[in-house]
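With PDB, C-alpha atoms inside, this is upload.pdb:
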ATOM      1  CA  MET A   1       8.922  -5.657  20.312
ATOM      2  CA  GLU A   2      10.180  -9.197  19.689
ATOM      3  CA  LEU A   3       6.585 -10.459  19.299
ATOM      4  CA  ARG A   4       5.836  -7.639  16.881
ATOM      5  CA  GLN A   5       8.864  -8.531  14.770
ATOM      6  CA  LEU A   6       7.833 -12.190  14.807
ATOM      7  CA  VAL A   7       4.307 -11.403  13.628
ATOM      8  CA  ARG A   8       5.456  -8.931  10.995
ATOM      9  CA  GLY A   9       8.115 -11.303   9.755
ATOM     10  CA  ARG A  10      11.233 -10.291   7.875
ATOM     11  CA  VAL A  11      12.849 -10.917   4.531
ATOM     12  CA  ASP A  12      16.104 -12.842   4.746
ATOM     13  CA  TRP A  13      19.098 -11.145   3.178
ATOM     14  CA  PRO A  14      19.595 -13.767   0.415
ATOM     15  CA  ASP A  15      15.979 -13.128  -0.657
ATOM     16  CA  ILE A  16      16.586  -9.375  -0.680
ATOM     17  CA  GLU A  17      19.630  -9.957  -2.870
ATOM     18  CA  ARG A  18      17.532 -12.037  -5.281
ATOM     19  CA  VAL A  19      14.930  -9.278  -5.499
ATOM     20  CA  VAL A  20      17.557  -6.581  -6.082
ATOM     21  CA  SER A  21      19.262  -8.721  -8.729
ATOM     22  CA  GLU A  22      15.919  -9.172 -10.495
ATOM     23  CA  LEU A  23      15.284  -5.423 -10.372
ATOM     24  CA  ALA A  24      18.735  -4.726 -11.828
ATOM     25  CA  ASP A  25      18.032  -7.124 -14.710
ATOM     26  CA  ARG A  26      14.552  -5.718 -15.376
ATOM     27  CA  TYR A  27      15.684  -2.091 -15.436
ATOM     28  CA  ASP A  28      19.095  -2.716 -16.986
ATOM     29  CA  ARG A  29      21.049  -1.125 -14.153
ATOM     30  CA  ASP A  30      24.625  -2.192 -13.478
ATOM     31  CA  GLU A  31      24.595  -0.676  -9.999
ATOM     32  CA  MET A  32      21.687   0.053  -7.689
ATOM     33  CA  ARG A  33      21.460   1.969  -4.446
ATOM     34  CA  VAL A  34      18.949   0.434  -2.055
ATOM     35  CA  ARG A  35      17.651   2.190   1.034
ATOM     36  CA  PHE A  36      15.290   0.494   3.457
ATOM     37  CA  LEU A  37      12.563   2.652   4.945
ATOM     38  CA  ASP A  38      12.074   2.791   8.669
ATOM     39  CA  ALA A  39       8.309   2.321   8.329
ATOM     40  CA  ASP A  40       5.869   0.671  10.724
ATOM     41  CA  ASN A  41       4.581  -1.594   7.995
ATOM     42  CA  TRP A  42       3.096  -4.982   8.876
ATOM     43  CA  LEU A  43       2.322  -6.030   5.306
ATOM     44  CA  SER A  44       5.598  -5.651   3.419
ATOM     45  CA  THR A  45       9.251  -4.663   3.573
ATOM     46  CA  PRO A  46       9.489  -1.264   1.830
ATOM     47  CA  MET A  47      12.624   0.057   0.196
ATOM     48  CA  VAL A  48      13.716   2.809  -2.165
ATOM     49  CA  VAL A  49      15.864   1.997  -5.183
ATOM     50  CA  ASP A  50      18.011   4.728  -6.758
ATOM     51  CA  ASP A  51      15.672   7.391  -5.347
ATOM     52  CA  ASP A  52      13.189   6.816  -8.176
ATOM     53  CA  LEU A  53      11.537   3.462  -7.420
ATOM     54  CA  PHE A  54       9.501   2.525  -4.373
ATOM     55  CA  VAL A  55       9.555  -1.251  -3.900
ATOM     56  CA  LYS A  56       7.507  -3.414  -1.559
ATOM     57  CA  VAL A  57       8.643  -6.975  -0.887
ATOM     58  CA  ILE A  58       5.764  -9.135   0.357
ATOM     59  CA  THR A  59       6.253 -12.477   2.094
ATOM     60  CA  ARG A  60       3.886 -15.329   2.946
ATOM     61  CA  GLN A  61       4.007 -14.072   6.532
ATOM     62  CA  ASN A  62       2.775 -10.671   5.339
ATOM     63  CA  THR A  63      -0.064 -12.405   3.492
ATOM     64  CA  LEU A  64      -1.015 -14.268   6.662
ATOM     65  CA  VAL A  65      -1.006 -11.040   8.699
ATOM     66  CA  HIS A  66      -3.180  -9.403   6.017
ATOM     67  CA  THR A  67      -5.631 -12.297   6.336
ATOM     68  CA  LEU A  68      -5.767 -11.827  10.117
ATOM     69  CA  PHE A  69      -6.346  -8.081   9.722
ATOM     70  CA  THR A  70      -9.037  -8.728   7.130
ATOM     71  CA  THR A  71     -10.835 -11.209   9.386
ATOM     72  CA  GLY A  72     -10.780  -8.696  12.246
ATOM     73  CA  ARG A  73     -12.170  -5.908  10.076
ATOM     74  CA  ASN A  74     -14.947  -8.137   8.772
ATOM     75  CA  LEU A  75     -15.854  -9.167  12.315
ATOM     76  CA  GLY A  76     -16.089  -5.477  13.160
ATOM     77  CA  ALA A  77     -18.419  -4.951  10.210
ATOM     78  CA  PHE A  78     -20.567  -7.913  11.291
ATOM     79  CA  SER A  79     -20.815  -6.529  14.835
ATOM     80  CA  ALA A  80     -22.102  -3.253  13.355
ATOM     81  CA  GLY A  81     -24.822  -5.117  11.464
ATOM     82  CA  THR A  82     -23.129  -5.019   8.059
ATOM     83  CA  GLU A  83     -21.792  -7.881   5.976
ATOM     84  CA  GLY A  84     -18.004  -8.055   5.796
ATOM     85  CA  PHE A  85     -16.675  -6.482   2.623
ATOM     86  CA  PHE A  86     -12.894  -6.919   2.908
ATOM     87  CA  GLU A  87     -11.380  -9.686   0.796
ATOM     88  CA  ARG A  88      -8.124 -11.449   1.516
ATOM     89  CA  HIS A  89      -5.286 -12.326  -0.828
ATOM     90  CA  GLU A  90      -4.111 -15.874  -1.391
ATOM     91  CA  THR A  91      -0.459 -15.209  -2.253
ATOM     92  CA  PRO A  92       2.182 -12.472  -1.920
ATOM     93  CA  TYR A  93       2.061 -11.905  -5.680
ATOM     94  CA  GLU A  94      -1.723 -11.488  -5.523
ATOM     95  CA  MET A  95      -1.273  -8.791  -2.853
ATOM     96  CA  ALA A  96       1.275  -6.986  -5.002
ATOM     97  CA  ARG A  97      -0.871  -7.294  -8.129
ATOM     98  CA  HIS A  98      -3.955  -5.957  -6.375
ATOM     99  CA  GLU A  99      -2.178  -2.816  -5.168
ATOM    100  CA  LEU A 100      -0.759  -2.241  -8.648
ATOM    101  CA  ASP A 101      -4.228  -2.539 -10.229
ATOM    102  CA  ALA A 102      -5.881  -0.389  -7.536
ATOM    103  CA  THR A 103      -3.275   2.327  -8.056
ATOM    104  CA  ARG A 104      -3.858   2.268 -11.809
ATOM    105  CA  LYS A 105      -7.617   2.582 -11.340
ATOM    106  CA  VAL A 106      -7.443   5.633  -9.086
ATOM    107  CA  ARG A 107      -4.929   7.338 -11.374
ATOM    108  CA  GLU A 108      -7.246   6.736 -14.338
ATOM    109  CA  LEU A 109      -9.878   8.715 -12.410
ATOM    110  CA  GLY A 110      -7.497  11.653 -12.109
ATOM    111  CA  VAL A 111      -6.743  10.996  -8.445
ATOM    112  CA  ASN A 112      -3.133  11.540  -7.380
ATOM    113  CA  ALA A 113      -1.275   8.309  -6.640
ATOM    114  CA  PRO A 114       2.285   7.127  -7.261
ATOM    115  CA  GLU A 115       2.764   5.931 -10.830
ATOM    116  CA  PRO A 116       2.398   2.130 -10.917
ATOM    117  CA  VAL A 117       5.283   0.327 -12.605
ATOM    118  CA  GLU A 118       4.803  -3.436 -12.222
ATOM    119  CA  ALA A 119       4.228  -6.399  -9.938
ATOM    120  CA  PHE A 120       6.072  -9.692 -10.196
ATOM    121  CA  SER A 121       7.179 -12.641  -8.123
ATOM    122  CA  VAL A 122      10.642 -13.786  -7.068
ATOM    123  CA  GLY A 123      10.291 -17.309  -5.738
ATOM    124  CA  ASP A 124       7.433 -17.133  -3.234
ATOM    125  CA  LEU A 125       7.850 -13.385  -2.701
ATOM    126  CA  GLY A 126       5.574 -10.757  -4.225
ATOM    127  CA  VAL A 127       7.260  -7.573  -5.443
ATOM    128  CA  LEU A 128       5.466  -4.296  -6.166
ATOM    129  CA  VAL A 129       7.229  -1.422  -7.924
ATOM    130  CA  LEU A 130       5.840   2.117  -7.857
ATOM    131  CA  GLU A 131       7.115   5.622  -8.482
ATOM    132  CA  TYR A 132       8.937   7.003  -5.452
ATOM    133  CA  LEU A 133       7.686  10.329  -4.127
ATOM    134  CA  PRO A 134      10.825  11.848  -2.577
ATOM    135  CA  ASP A 135       9.370  14.717  -0.541
ATOM    136  CA  PHE A 136       6.139  13.400   0.914
ATOM    137  CA  ARG A 137       4.675  13.584   4.404
ATOM    138  CA  PRO A 138       1.817  11.388   5.643
ATOM    139  CA  LEU A 139      -1.275  13.295   6.696
ATOM    140  CA  ASP A 140      -0.810  12.334  10.347
ATOM    141  CA  ASP A 141       2.539  14.180  10.387
ATOM    142  CA  LEU A 142       0.841  17.533   9.771
ATOM    143  CA  ASP A 143      -0.569  19.873  12.378
ATOM    144  CA  ARG A 144      -4.299  20.425  12.866
ATOM    145  CA  ASP A 145      -4.465  23.597  10.762
ATOM    146  CA  ALA A 146      -2.697  21.967   7.815
ATOM    147  CA  VAL A 147      -4.995  18.939   7.969
ATOM    148  CA  ALA A 148      -8.068  21.209   8.118
ATOM    149  CA  ALA A 149      -6.886  23.049   5.006
ATOM    150  CA  LEU A 150      -6.479  19.750   3.125
ATOM    151  CA  ALA A 151      -9.768  18.199   4.312
ATOM    152  CA  PRO A 152     -11.847  19.505   1.347
ATOM    153  CA  SER A 153      -9.360  17.954  -1.084
ATOM    154  CA  LEU A 154      -9.560  14.638   0.762
ATOM    155  CA  PHE A 155     -13.357  14.518   0.561
ATOM    156  CA  GLU A 156     -13.277  15.584  -3.083
ATOM    157  CA  THR A 157     -10.889  12.711  -3.752
ATOM    158  CA  LEU A 158     -13.253  10.290  -2.034
ATOM    159  CA  ARG A 159     -16.177  11.631  -4.036
ATOM    160  CA  THR A 160     -14.275  11.009  -7.281
ATOM    161  CA  VAL A 161     -13.456   7.445  -6.249
ATOM    162  CA  HIS A 162     -16.969   6.707  -4.992
ATOM    163  CA  ASP A 163     -18.727   8.220  -8.011
ATOM    164  CA  ALA A 164     -16.751   5.776 -10.152
ATOM    165  CA  GLY A 165     -18.221   2.886  -8.146
ATOM    166  CA  LEU A 166     -14.992   2.187  -6.268
ATOM    167  CA  ALA A 167     -13.902   2.395  -2.635
ATOM    168  CA  HIS A 168     -10.548   2.711  -0.913
ATOM    169  CA  GLY A 169     -11.334   0.446   2.031
ATOM    170  CA  ASP A 170      -8.329   1.326   4.204
ATOM    171  CA  LEU A 171      -8.372   5.096   4.487
ATOM    172  CA  ARG A 172      -6.007   5.975   7.304
ATOM    173  CA  ALA A 173      -3.886   9.083   7.802
ATOM    174  CA  GLU A 174      -0.710   7.182   6.907
ATOM    175  CA  ASN A 175      -2.315   6.156   3.581
ATOM    176  CA  VAL A 176      -2.818   9.789   2.560
ATOM    177  CA  LEU A 177       0.422  11.471   1.514
ATOM    178  CA  VAL A 178       1.099  15.162   0.942
ATOM    179  CA  CYS A 179       3.632  15.989  -1.759
ATOM    180  CA  ASP A 180       4.170  19.555  -3.039
ATOM    181  CA  GLY A 181       0.881  20.553  -1.448
ATOM    182  CA  ASP A 182      -1.132  17.848  -3.236
ATOM    183  CA  LEU A 183      -2.794  14.776  -1.731
ATOM    184  CA  TYR A 184      -1.817  11.296  -2.887
ATOM    185  CA  VAL A 185      -3.646   8.140  -1.835
ATOM    186  CA  ILE A 186      -1.941   4.773  -1.421
ATOM    187  CA  ASP A 187      -2.652   1.243  -0.191
ATOM    188  CA  ALA A 188      -6.243   0.729  -1.339
ATOM    189  CA  THR A 189      -7.427  -2.609  -0.005
ATOM    190  CA  ASN A 190      -9.385  -5.448  -1.635
ATOM    191  CA  VAL A 191     -13.148  -4.807  -1.382
ATOM    192  CA  SER A 192     -15.800  -7.219  -2.647
ATOM    193  CA  GLY A 193     -18.023  -5.929  -5.447
ATOM    194  CA  ASP A 194     -21.249  -6.396  -3.505
ATOM    195  CA  GLY A 195     -19.763  -4.716  -0.435
ATOM    196  CA  ARG A 196     -18.672  -1.459  -2.041
ATOM    197  CA  GLU A 197     -21.595   0.569  -0.703
ATOM    198  CA  SER A 198     -20.637  -0.406   2.838
ATOM    199  CA  ALA A 199     -16.979   0.203   2.028
ATOM    200  CA  ARG A 200     -17.777   3.725   0.816
ATOM    201  CA  SER A 201     -19.532   4.418   4.120
ATOM    202  CA  TYR A 202     -16.449   3.040   5.870
ATOM    203  CA  ASP A 203     -14.268   5.417   3.825
ATOM    204  CA  LEU A 204     -16.335   8.420   4.890
ATOM    205  CA  ALA A 205     -16.309   7.385   8.543
ATOM    206  CA  SER A 206     -12.534   6.908   8.374
ATOM    207  CA  ALA A 207     -12.057  10.315   6.739
ATOM    208  CA  LEU A 208     -14.151  12.007   9.429
TER     209      LEU A 208
END

Go ahead and express the file in the form of structure tokens.
Amino acid sequence: MELRQLVRGRVDWPDIERVVSELADRYDRDEMRVRFLDADNWLSTPMVVDDDLFVKVITRQNTLVHTLFTTGRNLGAFSAGTEGFFERHETPYEMARHELDATRKVRELGVNAPEPVEAFSVGDLGVLVLEYLPDFRPLDDLDRDAVAALAPSLFETLRTVHDAGLAHGDLRAENVLVCDGDLYVIDATNVSGDGRESARSYDLASAL
């Protein structure tokens, strides 16, 4: 557990205070209620602000861990006879900006995703702000029958994304949320343009 915490890193409290102060200024809020999520997230520190904003705080350590994950995934692709198609991010802000842009793209296709608000930096931290979905459950929290009932919607979502020439790249059960009976996708990863065909195959294999 201690090694896991070391690898994941943490955001020091003074940095959290700076982020919250910046959020208060940006959204003109005199008081803000911040709730940290107990999530097994290696790539950010997630928190909910006033029950309407979902905020990810990304550190340089998170960027490093993302690079390590990306290298491992590309090695896996190479071992399967395919060129690596995952791209890494150089900075915490770049990570935040990519997720914001990816979320906008899938929403423009009519795919359910939290409404993107903005991405910005506070010092060397990247900050991503999205709509908070209050009553969601990740797909892996549902029983087999519920997942089976939602499977057609998941593959229809993938078809919409793929037909637009895009790919998700990190389709895992925890990145598919169910809210009011509808599927929402989150956390699309950075896929190279010339590797999208392989990434689409990866999406389908992950969905299966």

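Considering the residues A:Val147, A:Leu125, A:Leu68, A:Leu183 and counting all atoms listed in the file, Val111 of chain A has its shortest atom-to-atom contact with A:Leu183.
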
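Proximity ranking of A:Ala207, A:Val106, A:Val127, A:Val65 relative to Ala164 of chain A places A:Val106 first, based on only C-alpha atoms.
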
>> the PyMOL selection byres ((chain A and resi 18) around 12) - which residues does that actually catch in the file I just gave you? List them as a PyMOL selection string.
In response: chain A and resi 11-17+19-25+57+121-125+127

>> List as a list in words the protein and nucleic acid residues near Arg33 of chain A, meaning an atom at most 10 Å away when all atoms listed in the file are counted, but skip any in the same chain fewer than 5 places from it.
In response: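 Contacts, with the query itself left out: Val20, Val48, Val49, Asp50 and Asp51 of chain A.
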
> Interatomic distance between atom CA of Arg60 of chain A and atom CA of Val129 of chain A?
Replying inline: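 Those two atoms sit 18.0 Å apart.
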
> At what distance in Å, to one decimal, does atom CA of Arg172 of chain A lie from atom CA of Asp203 of chain A?
Replying inline: 9.0 Å

>> Please expand the PyMOL selection byres ((chain A and resi 115) around 10) into the concrete residues it hits in this file, giving the result as JSON, numbers by chain.
In response: {"A": [53, 54, 100, 103, 104, 107, 112, 113, 114, 116, 117, 118, 129, 130, 131, 132, 133]}

>> To one decimal place in Å, what is the distance between atom CA of Leu171 of chain A and atom CA of Ser206 of chain A?
In response: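 Taking atom CA of Leu171 of chain A as the start and atom CA of Ser206 of chain A as the end point, the length is 6.0 Å.
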
> Where does the PyMOL selection byres ((chain A and resi 167) around 8) land in this file, that is, which residues does it pick, as a PyMOL selection string?
Replying inline: chain A and resi 158+161-162+165-166+168-169+188+191+196+199-200+203

> Between A:Val55, A:Ala205, A:Ala102, A:Leu64, which is the closest to Thr189 of chain A once you count only C-alpha atoms?
Replying inline: A:Ala102

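Neighbours of Gly181 of chain A closer than or equal to 10 Å, with all atoms listed in the file counted and sequence neighbours fewer than 3 positions away skipped, come out as Phe136, Arg137, Leu150, Leu177, Val178 and Tyr184 of chain A.
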